[in-house]
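See below for protein_13.cif, which holds mmCIF, C-alpha atoms (C1' of nucleotides).
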data_final
loop_
_atom_site.label_atom_id
_atom_site.label_comp_id
_atom_site.auth_asym_id
_atom_site.auth_seq_id
_atom_site.Cartn_x
_atom_site.Cartn_y
_atom_site.Cartn_z
CA MET A 753 10.19 -7.69 5.03
CA SER A 754 12.61 -10.54 4.76
CA GLY A 755 11.92 -13.55 6.85
CA LEU A 756 8.25 -13.34 7.82
CA ARG A 757 8.27 -15.32 10.99
CA ILE A 758 5.09 -17.32 11.09
CA LYS A 759 3.34 -16.87 14.36
CA TYR A 760 0.06 -18.64 14.86
CA LEU A 761 -1.89 -18.01 18.00
CA LYS A 762 -2.87 -20.86 20.25
CA PRO A 763 -6.35 -22.19 19.53
CA ALA A 764 -7.52 -21.32 23.01
CA LEU A 765 -6.51 -17.70 22.56
CA VAL A 766 -8.22 -17.59 19.19
CA ALA A 767 -11.40 -18.94 20.69
CA GLU A 768 -11.22 -16.42 23.48
CA HIS A 769 -10.75 -13.60 21.00
CA LEU A 770 -13.71 -14.73 18.94
CA ALA A 771 -15.87 -15.08 22.01
CA ARG A 772 -15.07 -11.52 22.97
CA ALA A 773 -16.00 -10.42 19.45
CA ASP A 774 -19.28 -12.29 19.73
CA ALA A 775 -20.04 -10.59 23.01
CA LEU A 776 -19.15 -7.14 21.74
CA CYS A 777 -21.24 -7.47 18.62
CA ALA A 778 -24.13 -8.92 20.57
CA ALA A 779 -23.95 -5.93 22.87
CA THR A 780 -24.03 -3.38 20.07
CA GLY A 781 -26.40 -5.24 17.79
CA ALA A 782 -23.77 -5.55 15.06
CA ARG A 783 -24.11 -8.68 12.99
CA LEU A 784 -21.03 -10.81 13.19
CA THR A 785 -22.13 -13.16 10.45
CA PRO A 786 -20.41 -16.51 9.78
CA LEU A 787 -18.49 -14.98 6.90
CA ARG A 788 -17.27 -12.02 8.94
CA ARG A 789 -16.49 -14.26 11.84
CA ARG A 790 -14.50 -16.52 9.56
CA VAL A 791 -12.43 -13.61 8.29
CA LEU A 792 -11.86 -12.40 11.83
CA GLU A 793 -10.77 -15.88 12.81
CA LEU A 794 -8.22 -15.96 10.01
CA VAL A 795 -6.85 -12.58 11.03
CA VAL A 796 -6.69 -13.54 14.69
CA ARG A 797 -5.06 -16.89 13.97
CA SER A 798 -2.37 -15.23 11.93
CA GLY A 799 -1.29 -13.26 14.95
CA ARG A 800 0.31 -10.66 12.70
CA PRO A 801 -0.74 -8.22 9.99
CA VAL A 802 -2.04 -10.07 6.94
CA GLY A 803 -2.94 -8.85 3.48
CA ALA A 804 -6.45 -8.99 2.11
CA TYR A 805 -5.45 -11.29 -0.70
CA GLU A 806 -3.65 -13.54 1.72
CA LEU A 807 -6.91 -13.88 3.60
CA LEU A 808 -8.72 -14.46 0.34
CA ASP A 809 -6.36 -17.31 -0.51
CA GLN A 810 -6.95 -18.86 2.87
CA MET A 811 -10.69 -18.61 2.39
CA ARG A 812 -10.38 -20.30 -0.97
CA ALA A 813 -8.13 -22.98 0.45
CA CYS A 814 -10.99 -23.80 2.81
CA GLY A 815 -13.40 -24.22 -0.04
CA HIS A 816 -14.96 -20.81 -0.03
CA LYS A 817 -15.60 -19.33 -3.44
CA GLY A 818 -14.98 -15.67 -2.87
CA ALA A 819 -13.79 -12.57 -4.64
CA PRO A 820 -11.89 -9.57 -3.25
CA PRO A 821 -15.02 -7.62 -2.27
CA THR A 822 -15.98 -10.45 0.04
CA VAL A 823 -12.87 -10.03 2.12
CA TYR A 824 -12.74 -6.25 1.91
CA ARG A 825 -16.33 -5.91 3.04
CA ALA A 826 -15.74 -8.18 5.97
CA LEU A 827 -12.61 -6.24 6.89
CA ASP A 828 -14.51 -2.95 6.66
CA PHE A 829 -17.09 -4.28 9.05
CA LEU A 830 -14.49 -5.60 11.45
CA GLN A 831 -12.70 -2.28 11.43
CA GLN A 832 -15.90 -0.41 12.18
CA GLN A 833 -16.46 -2.69 15.14
CA GLY A 834 -12.94 -2.05 16.34
CA LEU A 835 -12.04 -5.71 16.00
CA VAL A 836 -9.41 -5.22 13.35
CA HIS A 837 -6.95 -2.45 12.50
CA ARG A 838 -5.67 -1.58 9.10
CA ILE A 839 -1.91 -1.02 8.99
CA ALA A 840 -1.60 1.51 6.19
CA MET A 841 2.16 1.29 5.90
CA ALA A 842 1.90 -2.44 5.25
CA ASN A 843 -1.41 -2.62 3.41
CA ALA A 844 -2.33 -5.22 5.95
CA TYR A 845 -4.86 -5.98 8.63
CA VAL A 846 -4.31 -7.09 12.19
CA ALA A 847 -6.63 -8.14 14.98
CA CYS A 848 -7.10 -5.53 17.67
CA SER A 849 -5.46 -6.80 20.80
CA HIS A 850 -7.82 -5.02 23.16
CA PRO A 851 -11.19 -4.93 21.43
CA GLY A 852 -13.82 -3.11 23.36
CA CYS A 853 -11.40 -0.82 25.12
CA ASP A 854 -10.27 2.21 23.22
CA HIS A 855 -6.90 2.42 24.85
CA HIS A 856 -5.17 1.30 21.73
CA ALA A 857 -3.02 4.17 20.66
CA LEU A 858 0.19 2.80 19.31
CA ILE A 859 1.14 0.03 16.90
CA PHE A 860 4.80 -0.71 16.36
CA VAL A 861 5.33 -2.36 13.00
CA CYS A 862 8.55 -4.21 12.25
CA THR A 863 9.72 -3.40 8.76
CA GLU A 864 11.91 -6.49 8.75
CA CYS A 865 9.51 -9.29 9.59
CA GLY A 866 6.17 -7.55 9.28
CA ASN A 867 5.02 -8.35 12.78
CA ALA A 868 3.22 -5.73 14.77
CA LEU A 869 2.83 -4.93 18.45
CA GLU A 870 -0.17 -3.00 19.67
CA LEU A 871 0.17 -1.18 22.96
CA GLU A 872 -2.24 0.29 25.41
CA GLU A 873 -0.86 3.72 25.79
CA THR A 874 -1.66 7.12 27.23
CA GLN A 875 1.52 9.18 27.04
CA VAL A 876 1.91 9.27 23.27
CA LYS A 877 -1.79 9.72 22.81
CA ALA A 878 -1.76 12.68 25.18
CA SER A 879 1.16 14.39 23.52
CA VAL A 880 -0.34 13.92 20.08
CA ALA A 881 -3.63 15.32 21.31
CA ALA A 882 -1.85 18.32 22.80
CA ARG A 883 -0.02 19.00 19.57
CA ALA A 884 -3.19 18.52 17.55
CA GLU A 885 -5.06 21.00 19.64
CA ALA A 886 -2.27 23.51 19.26
CA VAL A 887 -2.63 23.47 15.48
CA GLY A 888 -6.40 23.04 15.40
CA PHE A 889 -6.50 19.48 14.15
CA ARG A 890 -9.18 17.17 15.46
CA VAL A 891 -7.87 13.64 15.84
CA PRO A 892 -10.10 10.63 16.45
CA GLY A 893 -8.81 7.74 18.50
CA GLN A 894 -7.32 5.69 15.72
CA PRO A 895 -4.12 3.86 16.52
CA ILE A 896 -0.87 5.43 15.43
CA GLU A 897 1.54 3.38 13.35
CA VAL A 898 5.23 3.55 14.08
CA ALA A 899 7.74 1.80 11.84
CA GLY A 900 10.73 0.17 13.44
CA THR A 901 12.64 -3.02 14.05
CA CYS A 902 11.43 -5.58 16.53
CA PRO A 903 13.72 -7.09 19.15
CA LEU A 904 14.07 -10.42 17.34
CA CYS A 905 15.00 -8.82 14.04
CA GLN A 906 17.58 -6.63 15.74
CA GLU A 907 19.47 -9.75 16.73
CA GLY A 908 20.23 -10.51 13.13
CA ARG A 909 17.73 -13.33 13.00
CA PRO A 910 15.93 -12.71 9.74
CA MET B 483 -11.38 13.23 0.77
CA SER B 484 -14.12 15.47 -0.49
CA GLY B 485 -13.14 18.90 -1.63
CA LEU B 486 -9.37 18.80 -2.25
CA ARG B 487 -8.50 22.40 -1.75
CA ILE B 488 -5.87 23.37 -4.24
CA LYS B 489 -2.97 25.07 -2.59
CA TYR B 490 -0.06 26.08 -4.72
CA LEU B 491 2.97 27.52 -3.07
CA LYS B 492 4.28 30.90 -4.07
CA PRO B 493 7.01 30.71 -6.70
CA ALA B 494 9.49 32.37 -4.39
CA LEU B 495 8.97 29.71 -1.74
CA VAL B 496 9.28 26.98 -4.33
CA ALA B 497 12.57 28.44 -5.53
CA GLU B 498 13.81 28.68 -1.98
CA HIS B 499 12.88 25.08 -1.33
CA LEU B 500 14.68 23.92 -4.45
CA ALA B 501 17.74 25.96 -3.61
CA ARG B 502 17.89 24.30 -0.22
CA ALA B 503 17.63 20.93 -1.92
CA ASP B 504 20.45 21.86 -4.25
CA ALA B 505 22.61 22.86 -1.33
CA LEU B 506 21.86 19.73 0.66
CA CYS B 507 22.59 17.41 -2.22
CA ALA B 508 25.73 19.30 -3.11
CA ALA B 509 26.87 18.89 0.47
CA THR B 510 26.29 15.14 0.54
CA GLY B 511 27.35 14.43 -3.01
CA ALA B 512 23.89 13.16 -3.94
CA ARG B 513 22.99 13.81 -7.55
CA LEU B 514 19.87 15.92 -7.81
CA THR B 515 19.52 15.42 -11.55
CA PRO B 516 17.19 17.54 -13.69
CA LEU B 517 14.61 14.78 -13.66
CA ARG B 518 14.67 14.38 -9.88
CA ARG B 519 14.68 18.11 -9.43
CA ARG B 520 11.68 18.41 -11.69
CA VAL B 521 9.76 15.85 -9.65
CA LEU B 522 10.71 17.61 -6.44
CA GLU B 523 9.54 20.88 -7.91
CA LEU B 524 6.16 19.41 -8.75
CA VAL B 525 5.79 18.01 -5.25
CA VAL B 526 6.85 21.28 -3.65
CA ARG B 527 4.59 23.37 -5.86
CA SER B 528 1.60 21.25 -4.96
CA GLY B 529 2.04 22.20 -1.33
CA ARG B 530 0.13 19.08 -0.30
CA PRO B 531 0.45 15.30 -0.59
CA VAL B 532 0.23 14.23 -4.22
CA GLY B 533 -0.04 10.79 -5.78
CA ALA B 534 2.68 9.33 -7.99
CA TYR B 535 0.37 9.11 -10.96
CA GLU B 536 -0.74 12.67 -10.43
CA LEU B 537 2.91 13.67 -10.72
CA LEU B 538 3.28 11.46 -13.76
CA ASP B 539 0.37 13.23 -15.42
CA GLN B 540 1.93 16.60 -14.70
CA MET B 541 5.22 15.42 -16.15
CA ARG B 542 3.44 14.28 -19.28
CA ALA B 543 1.51 17.52 -19.51
CA CYS B 544 4.86 19.26 -19.69
CA GLY B 545 5.96 17.13 -22.60
CA HIS B 546 7.93 14.52 -20.70
CA LYS B 547 7.45 10.99 -21.98
CA GLY B 548 7.67 8.96 -18.81
CA ALA B 549 6.38 5.78 -17.27
CA PRO B 550 5.60 5.01 -13.61
CA PRO B 551 9.13 3.86 -12.75
CA THR B 552 10.44 7.26 -13.71
CA VAL B 553 8.41 8.96 -11.03
CA TYR B 554 8.79 6.22 -8.43
CA ARG B 555 12.54 6.18 -8.79
CA ALA B 556 12.75 9.92 -8.42
CA LEU B 557 10.52 9.76 -5.37
CA ASP B 558 12.67 7.01 -3.86
CA PHE B 559 15.73 9.16 -4.26
CA LEU B 560 14.02 12.21 -2.81
CA GLN B 561 12.87 10.20 0.18
CA GLN B 562 16.36 8.91 0.78
CA GLN B 563 17.63 12.47 0.77
CA GLY B 564 14.93 13.47 3.23
CA LEU B 565 13.43 15.91 0.76
CA VAL B 566 10.11 14.14 0.44
CA HIS B 567 7.96 12.05 2.77
CA ARG B 568 5.65 9.27 1.79
CA ILE B 569 2.26 9.43 3.45
CA ALA B 570 1.32 5.77 3.63
CA MET B 571 -2.26 6.32 4.67
CA ALA B 572 -2.85 8.42 1.56
CA ASN B 573 -0.51 6.69 -0.88
CA ALA B 574 0.88 10.13 -1.50
CA TYR B 575 4.07 12.11 -1.32
CA VAL B 576 4.71 15.48 0.25
CA ALA B 577 7.70 17.77 0.38
CA CYS B 578 9.53 17.78 3.69
CA SER B 579 8.97 21.13 5.29
CA HIS B 580 12.30 21.17 7.13
CA PRO B 581 14.76 19.33 4.93
CA GLY B 582 18.16 19.01 6.46
CA CYS B 583 16.92 19.10 10.02
CA ASP B 584 15.63 15.85 11.43
CA HIS B 585 13.17 17.42 13.77
CA HIS B 586 10.26 16.27 11.72
CA ALA B 587 8.34 13.87 13.87
CA LEU B 588 4.69 14.38 13.20
CA ILE B 589 2.52 14.78 10.12
CA PHE B 590 -1.15 15.51 10.60
CA VAL B 591 -3.12 14.37 7.58
CA CYS B 592 -6.62 15.66 6.99
CA THR B 593 -8.86 12.82 5.85
CA GLU B 594 -11.37 15.33 4.47
CA CYS B 595 -9.27 17.46 2.14
CA GLY B 596 -6.06 15.48 1.96
CA ASN B 597 -3.83 18.31 3.11
CA ALA B 598 -1.05 17.61 5.53
CA LEU B 599 0.76 19.57 8.19
CA GLU B 600 4.27 18.61 9.21
CA LEU B 601 5.43 19.71 12.62
CA GLU B 602 8.77 20.03 14.30
CA GLU B 603 8.18 18.12 17.43
CA THR B 604 9.97 16.68 20.43
CA GLN B 605 7.31 15.64 22.93
CA VAL B 606 5.60 12.99 20.82
CA LYS B 607 8.90 11.77 19.52
CA ALA B 608 10.20 11.40 23.05
CA SER B 609 7.18 9.50 24.31
CA VAL B 610 7.24 7.19 21.33
CA ALA B 611 10.93 6.57 21.87
CA ALA B 612 10.33 5.80 25.53
CA ARG B 613 7.58 3.35 24.71
CA ALA B 614 9.68 1.77 21.97
CA GLU B 615 12.57 1.22 24.31
CA ALA B 616 10.26 -0.35 26.86
CA VAL B 617 9.24 -3.04 24.39
CA GLY B 618 12.58 -3.37 22.67
CA PHE B 619 11.65 -1.81 19.36
CA ARG B 620 14.21 0.30 17.56
CA VAL B 621 12.56 3.22 15.79
CA PRO B 622 14.36 5.37 13.26
CA GLY B 623 13.45 9.02 12.94
CA GLN B 624 10.73 8.68 10.34
CA PRO B 625 7.80 11.02 10.70
CA ILE B 626 4.67 9.68 12.31
CA GLU B 627 1.38 10.02 10.47
CA VAL B 628 -1.72 11.03 12.36
CA ALA B 629 -5.11 11.06 10.68
CA GLY B 630 -7.52 13.81 11.59
CA THR B 631 -9.53 16.75 10.42
CA CYS B 632 -7.91 20.08 9.69
CA PRO B 633 -9.27 23.35 11.05
CA LEU B 634 -10.79 24.42 7.73
CA CYS B 635 -12.60 21.16 7.18
CA GLN B 636 -13.99 21.25 10.70
CA GLU B 637 -15.84 24.43 9.82
CA GLY B 638 -18.00 22.62 7.34
CA ARG B 639 -16.15 24.05 4.38
CA PRO B 640 -15.55 21.04 2.17
"C1'" DA C 1221 40.38 12.10 -26.01
"C1'" DA C 1222 38.96 6.98 -25.76
"C1'" DA C 1223 37.46 3.38 -23.00
"C1'" DC C 1224 35.48 1.59 -19.13
"C1'" DG C 1225 32.25 0.85 -15.24
"C1'" DA C 1226 28.66 2.63 -12.53
"C1'" DA C 1227 24.70 5.25 -12.09
"C1'" DA C 1228 20.64 7.01 -14.09
"C1'" DT C 1229 16.94 6.74 -17.23
"C1'" DG C 1230 13.82 4.56 -20.77
"C1'" DT C 1231 10.58 0.92 -21.80
"C1'" DT C 1232 7.52 -2.93 -21.49
"C1'" DA C 1233 5.08 -5.75 -18.88
"C1'" DT C 1234 2.97 -7.13 -14.79
"C1'" DA C 1235 2.17 -7.50 -9.78
"C1'" DT C 1236 -0.46 -5.88 -5.87
"C1'" DT C 1237 -4.12 -3.60 -3.55
"C1'" DA C 1238 -8.74 -1.91 -3.68
"C1'" DT C 1239 -13.34 -0.56 -5.35
"C1'" DA C 1240 -17.38 0.20 -8.65
"C1'" DA C 1241 -21.51 -1.60 -10.16
"C1'" DC C 1242 -25.12 -4.57 -10.19
"C1'" DG C 1243 -27.67 -8.86 -9.32
"C1'" DT C 1244 -29.10 -12.33 -5.83
"C1'" DT C 1245 -29.90 -14.03 -1.36
"C1'" DT C 1246 -30.70 -13.64 3.45
"C1'" DT C 1247 -32.50 -11.44 7.45
"C1'" DC C 1248 -35.54 -8.99 10.24
"C1'" DA C 1249 -39.53 -6.10 11.39
"C1'" DC C 1250 -44.08 -5.82 10.69
"C1'" DG D 446 -46.05 -14.13 4.64
"C1'" DT D 447 -44.42 -9.63 2.73
"C1'" DG D 448 -41.53 -5.89 1.94
"C1'" DA D 449 -37.39 -3.27 2.91
"C1'" DA D 450 -32.80 -3.37 4.16
"C1'" DA D 451 -28.70 -5.59 4.83
"C1'" DA D 452 -25.44 -8.96 3.43
"C1'" DC D 453 -23.31 -11.52 -0.06
"C1'" DG D 454 -22.00 -13.11 -4.93
"C1'" DT D 455 -19.98 -11.87 -9.29
"C1'" DT D 456 -17.70 -9.45 -12.92
"C1'" DA D 457 -14.99 -6.02 -14.24
"C1'" DT D 458 -11.79 -2.47 -13.52
"C1'" DA D 459 -9.36 1.30 -11.04
"C1'" DA D 460 -5.30 2.76 -8.53
"C1'" DT D 461 -0.80 1.99 -6.82
"C1'" DA D 462 3.69 0.00 -7.31
"C1'" DT D 463 7.55 -2.87 -9.02
"C1'" DA D 464 10.24 -6.44 -11.93
"C1'" DA D 465 13.22 -6.96 -15.58
"C1'" DC D 466 16.01 -5.55 -19.04
"C1'" DA D 467 17.69 -2.16 -22.67
"C1'" DT D 468 19.80 2.27 -23.37
"C1'" DT D 469 21.93 6.45 -22.17
"C1'" DT D 470 24.64 9.50 -19.36
"C1'" DC D 471 28.38 10.57 -16.28
"C1'" DG D 472 32.69 10.46 -13.98
"C1'" DT D 473 36.99 8.26 -13.87
"C1'" DT D 474 40.98 6.14 -15.57
"C1'" DT D 475 44.06 5.41 -19.11
#
So that I can check it, write out the structure of this file as structure tokens.
Amino acid sequence: MSGLRIKYLKPALVAEHLARADALCAATGARLTPLRRRVLELVVRSGRPVGAYELLDQMRACGHKGAPPTVYRALDFLQQQGLVHRIAMANAYVACSHPGCDHHALIFVCTECGNALELEETQVKASVAARAEAVGFRVPGQPIEVAGTCPLCQEGRP
Amino acid sequence: MSGLRIKYLKPALVAEHLARADALCAATGARLTPLRRRVLELVVRSGRPVGAYELLDQMRACGHKGAPPTVYRALDFLQQQGLVHRIAMANAYVACSHPGCDHHALIFVCTECGNALELEETQVKASVAARAEAVGFRVPGQPIEVAGTCPLCQEGRP
DNA sequence: AAACGAAATGTTATATTATAACGTTTTCAC
DNA sequence: GTGAAAACGTTATAATATAACATTTCGTTT
């Protein structure tokens, strides 16, 4: 991960994302508390996978006195609600781009810049499911991470 | 990960695996030193994904005075040679089941027992490649991790 | 064989990521 | 209001991984 292109989402898109989260949680009875909502907002605003301690620093920069468990608990909740995905290969967390739907099957992660692209997808999902069935594995609908190089980083731009 | 079934490979299979590694490294000029070979042997013998510190403990149990970098460097080398895969979701390392071929495309990882199953695969690989091309991502041939539950763990056996 | 440079290994310290454990506060149902 | 459960605060620590630099080994050249 060399040049970490910063990529903040437009405020309007952030607001829209949060509103959708509000609606989803209201529908399921899950409690999107101010703290959890704040963490989600930070993840959404980043527009890319961010580390837990990065989020913690941002919380602190905004005056919040928090420790790691604060962030990790919020992230756990957000993952359970399908609002955030954990990218294992990057030890990072990214906002789900289609919360509410469970079409999300594929996340391309750029090993150069750290950005990620989540796709709605059926073909890969289907072929994985077929293969899983063949060997007796049961696979839940979690997104699949694929490492690669994004278009921008392929052009030599760091 | 509840019941961690122990699953040691038969000595004959371990020897065969190591011999193949010897041959591959001899062919490419890579130096499979005693230390690296020892680490590979431990990974192969485990027959499942193992943590770096687990390997370190085994090294120490056999009288080797080593520190983390020792194991991590050996693992880095083995990964470069395609002899070992890192399972990011488990922070663990597993022997490649088809070293030398690059058919490996898919690794099912059981979140219950921690075992993994590596498959030679073309369908998933092809659909991922198609999707990657559509969005401009370049994806190297690294195996794809898929979390799930293995047949044994589905039967209630921990 | 001696000397050199590069690769590998040893060693110490520390960074990074994540969770355990327990106390306090808030929230909600009754 | 009261009690139980959920959420949050706080401290400490576990688990994973790497930085930095010294030493040794190895292959090559002289």
Quiz item: Residues at most 12 Å from Ala881 in chain A, counting only C-alpha atoms (C1' of nucleotides), excluding those fewer than 3 positions away in the same chain, as an MDAnalysis selection string?
Solution: (chainID A and resid 857 874:878 884:894 896) or (chainID B and resid 588 590 605:606 628:630)
Any chance you could fit chain A onto chain B with least squares, all Cα atoms in order, and share the moved copy as a CSV table (one decimal) with C-alpha atoms, in the frame of the given file?
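Printed below is part_35.csv as written:
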chain,number,residue,atom,x,y,z
A,753,MET,CA,-11.3,13.3,0.7
A,754,SER,CA,-14.1,15.4,-0.6
A,755,GLY,CA,-13.1,18.9,-1.7
A,756,LEU,CA,-9.4,18.8,-2.3
A,757,ARG,CA,-8.5,22.4,-1.7
A,758,ILE,CA,-5.9,23.3,-4.2
A,759,LYS,CA,-3.0,25.0,-2.6
A,760,TYR,CA,-0.1,26.0,-4.7
A,761,LEU,CA,3.0,27.5,-3.1
A,762,LYS,CA,4.3,30.9,-4.1
A,763,PRO,CA,7.0,30.7,-6.7
A,764,ALA,CA,9.5,32.4,-4.4
A,765,LEU,CA,8.9,29.7,-1.7
A,766,VAL,CA,9.3,27.0,-4.3
A,767,ALA,CA,12.5,28.4,-5.5
A,768,GLU,CA,13.8,28.7,-2.0
A,769,HIS,CA,12.9,25.1,-1.3
A,770,LEU,CA,14.7,23.9,-4.4
A,771,ALA,CA,17.7,26.0,-3.6
A,772,ARG,CA,17.9,24.3,-0.2
A,773,ALA,CA,17.6,20.9,-1.9
A,774,ASP,CA,20.4,21.9,-4.3
A,775,ALA,CA,22.6,22.9,-1.3
A,776,LEU,CA,21.8,19.8,0.6
A,777,CYS,CA,22.6,17.4,-2.2
A,778,ALA,CA,25.7,19.3,-3.1
A,779,ALA,CA,26.8,18.9,0.5
A,780,THR,CA,26.3,15.2,0.5
A,781,GLY,CA,27.3,14.5,-3.0
A,782,ALA,CA,23.9,13.2,-4.0
A,783,ARG,CA,22.9,13.8,-7.5
A,784,LEU,CA,19.9,16.0,-7.8
A,785,THR,CA,19.5,15.5,-11.5
A,786,PRO,CA,17.2,17.6,-13.7
A,787,LEU,CA,14.6,14.8,-13.7
A,788,ARG,CA,14.7,14.4,-9.9
A,789,ARG,CA,14.7,18.1,-9.4
A,790,ARG,CA,11.7,18.4,-11.7
A,791,VAL,CA,9.7,15.9,-9.7
A,792,LEU,CA,10.7,17.6,-6.4
A,793,GLU,CA,9.5,20.9,-7.9
A,794,LEU,CA,6.1,19.4,-8.8
A,795,VAL,CA,5.8,18.0,-5.2
A,796,VAL,CA,6.8,21.3,-3.6
A,797,ARG,CA,4.6,23.4,-5.9
A,798,SER,CA,1.6,21.2,-4.9
A,799,GLY,CA,2.0,22.2,-1.3
A,800,ARG,CA,0.1,19.1,-0.3
A,801,PRO,CA,0.5,15.3,-0.6
A,802,VAL,CA,0.3,14.2,-4.2
A,803,GLY,CA,0.0,10.8,-5.8
A,804,ALA,CA,2.7,9.3,-8.0
A,805,TYR,CA,0.4,9.1,-10.9
A,806,GLU,CA,-0.7,12.7,-10.4
A,807,LEU,CA,2.9,13.7,-10.7
A,808,LEU,CA,3.3,11.5,-13.7
A,809,ASP,CA,0.4,13.2,-15.4
A,810,GLN,CA,1.9,16.6,-14.7
A,811,MET,CA,5.2,15.5,-16.1
A,812,ARG,CA,3.4,14.3,-19.3
A,813,ALA,CA,1.5,17.5,-19.5
A,814,CYS,CA,4.8,19.3,-19.7
A,815,GLY,CA,5.9,17.2,-22.6
A,816,HIS,CA,7.9,14.6,-20.7
A,817,LYS,CA,7.4,11.0,-22.0
A,818,GLY,CA,7.7,9.0,-18.8
A,819,ALA,CA,6.4,5.8,-17.3
A,820,PRO,CA,5.6,5.0,-13.6
A,821,PRO,CA,9.1,3.9,-12.8
A,822,THR,CA,10.4,7.3,-13.7
A,823,VAL,CA,8.4,9.0,-11.0
A,824,TYR,CA,8.8,6.2,-8.4
A,825,ARG,CA,12.6,6.2,-8.8
A,826,ALA,CA,12.8,9.9,-8.4
A,827,LEU,CA,10.5,9.8,-5.4
A,828,ASP,CA,12.7,7.0,-3.9
A,829,PHE,CA,15.7,9.2,-4.3
A,830,LEU,CA,14.0,12.2,-2.8
A,831,GLN,CA,12.9,10.2,0.2
A,832,GLN,CA,16.4,8.9,0.8
A,833,GLN,CA,17.6,12.5,0.8
A,834,GLY,CA,14.9,13.5,3.2
A,835,LEU,CA,13.4,15.9,0.8
A,836,VAL,CA,10.1,14.1,0.4
A,837,HIS,CA,8.0,12.0,2.8
A,838,ARG,CA,5.7,9.3,1.8
A,839,ILE,CA,2.3,9.4,3.5
A,840,ALA,CA,1.4,5.8,3.7
A,841,MET,CA,-2.2,6.3,4.7
A,842,ALA,CA,-2.8,8.4,1.6
A,843,ASN,CA,-0.5,6.7,-0.9
A,844,ALA,CA,0.9,10.1,-1.5
A,845,TYR,CA,4.1,12.1,-1.3
A,846,VAL,CA,4.7,15.5,0.3
A,847,ALA,CA,7.7,17.8,0.4
A,848,CYS,CA,9.5,17.8,3.7
A,849,SER,CA,9.0,21.1,5.3
A,850,HIS,CA,12.3,21.2,7.1
A,851,PRO,CA,14.8,19.3,4.9
A,852,GLY,CA,18.2,19.0,6.4
A,853,CYS,CA,16.9,19.1,10.0
A,854,ASP,CA,15.7,15.8,11.4
A,855,HIS,CA,13.2,17.4,13.7
A,856,HIS,CA,10.3,16.2,11.7
A,857,ALA,CA,8.4,13.9,13.8
A,858,LEU,CA,4.7,14.4,13.2
A,859,ILE,CA,2.6,14.8,10.1
A,860,PHE,CA,-1.1,15.5,10.6
A,861,VAL,CA,-3.1,14.4,7.6
A,862,CYS,CA,-6.6,15.7,7.0
A,863,THR,CA,-8.8,12.8,5.9
A,864,GLU,CA,-11.3,15.3,4.5
A,865,CYS,CA,-9.2,17.5,2.1
A,866,GLY,CA,-6.0,15.5,2.0
A,867,ASN,CA,-3.8,18.3,3.1
A,868,ALA,CA,-1.0,17.6,5.5
A,869,LEU,CA,0.8,19.6,8.2
A,870,GLU,CA,4.3,18.6,9.2
A,871,LEU,CA,5.5,19.7,12.6
A,872,GLU,CA,8.8,20.0,14.3
A,873,GLU,CA,8.2,18.2,17.4
A,874,THR,CA,10.0,16.7,20.4
A,875,GLN,CA,7.3,15.7,22.9
A,876,VAL,CA,5.6,13.0,20.8
A,877,LYS,CA,8.9,11.8,19.5
A,878,ALA,CA,10.2,11.4,23.1
A,879,SER,CA,7.2,9.5,24.3
A,880,VAL,CA,7.2,7.2,21.3
A,881,ALA,CA,10.9,6.5,21.9
A,882,ALA,CA,10.3,5.8,25.6
A,883,ARG,CA,7.5,3.4,24.7
A,884,ALA,CA,9.6,1.7,22.0
A,885,GLU,CA,12.5,1.2,24.4
A,886,ALA,CA,10.2,-0.3,26.9
A,887,VAL,CA,9.1,-3.0,24.5
A,888,GLY,CA,12.5,-3.4,22.8
A,889,PHE,CA,11.5,-1.9,19.4
A,890,ARG,CA,14.1,0.2,17.6
A,891,VAL,CA,12.5,3.1,15.8
A,892,PRO,CA,14.3,5.3,13.3
A,893,GLY,CA,13.5,8.9,12.9
A,894,GLN,CA,10.8,8.6,10.4
A,895,PRO,CA,7.8,11.0,10.7
A,896,ILE,CA,4.7,9.7,12.3
A,897,GLU,CA,1.4,10.0,10.5
A,898,VAL,CA,-1.7,11.0,12.4
A,899,ALA,CA,-5.1,11.1,10.7
A,900,GLY,CA,-7.5,13.8,11.6
A,901,THR,CA,-9.5,16.8,10.4
A,902,CYS,CA,-7.9,20.1,9.7
A,903,PRO,CA,-9.2,23.4,11.0
A,904,LEU,CA,-10.7,24.5,7.7
A,905,CYS,CA,-12.6,21.2,7.2
A,906,GLN,CA,-14.0,21.3,10.7
A,907,GLU,CA,-15.8,24.5,9.8
A,908,GLY,CA,-18.0,22.6,7.3
A,909,ARG,CA,-16.1,24.0,4.3
A,910,PRO,CA,-15.6,21.0,2.1
Quiz item: Which neighbours of DT469 in chain D fall inside 9 Å, counting only C-alpha atoms (C1' of nucleotides), when residues of the same chain fewer than 2 positions from it are skipped, and could you give them as a list in words?
Solution: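 Non-adjacent residues within range: DA1228, DT1229 and DG1230 of chain C.
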Could you tell me, as a PDB file with C-alpha atoms, in the coordinates of the input, exactly which residues end up selected when the PyMOL selection byres ((chain B) within 9 of (chain D)) is applied to this structure?
ATOM      1  CA  GLY B 533      -0.040  10.790  -5.780  1.00  0.00           C
ATOM      2  CA  ALA B 534       2.680   9.330  -7.990  1.00  0.00           C
ATOM      3  CA  TYR B 535       0.370   9.110 -10.960  1.00  0.00           C
ATOM      4  CA  PRO B 550       5.600   5.010 -13.610  1.00  0.00           C
ATOM      5  CA  PRO B 551       9.130   3.860 -12.750  1.00  0.00           C
ATOM      6  CA  TYR B 554       8.790   6.220  -8.430  1.00  0.00           C
ATOM      7  CA  ASN B 573      -0.510   6.690  -0.880  1.00  0.00           C
TER       8      ASN B 573
END
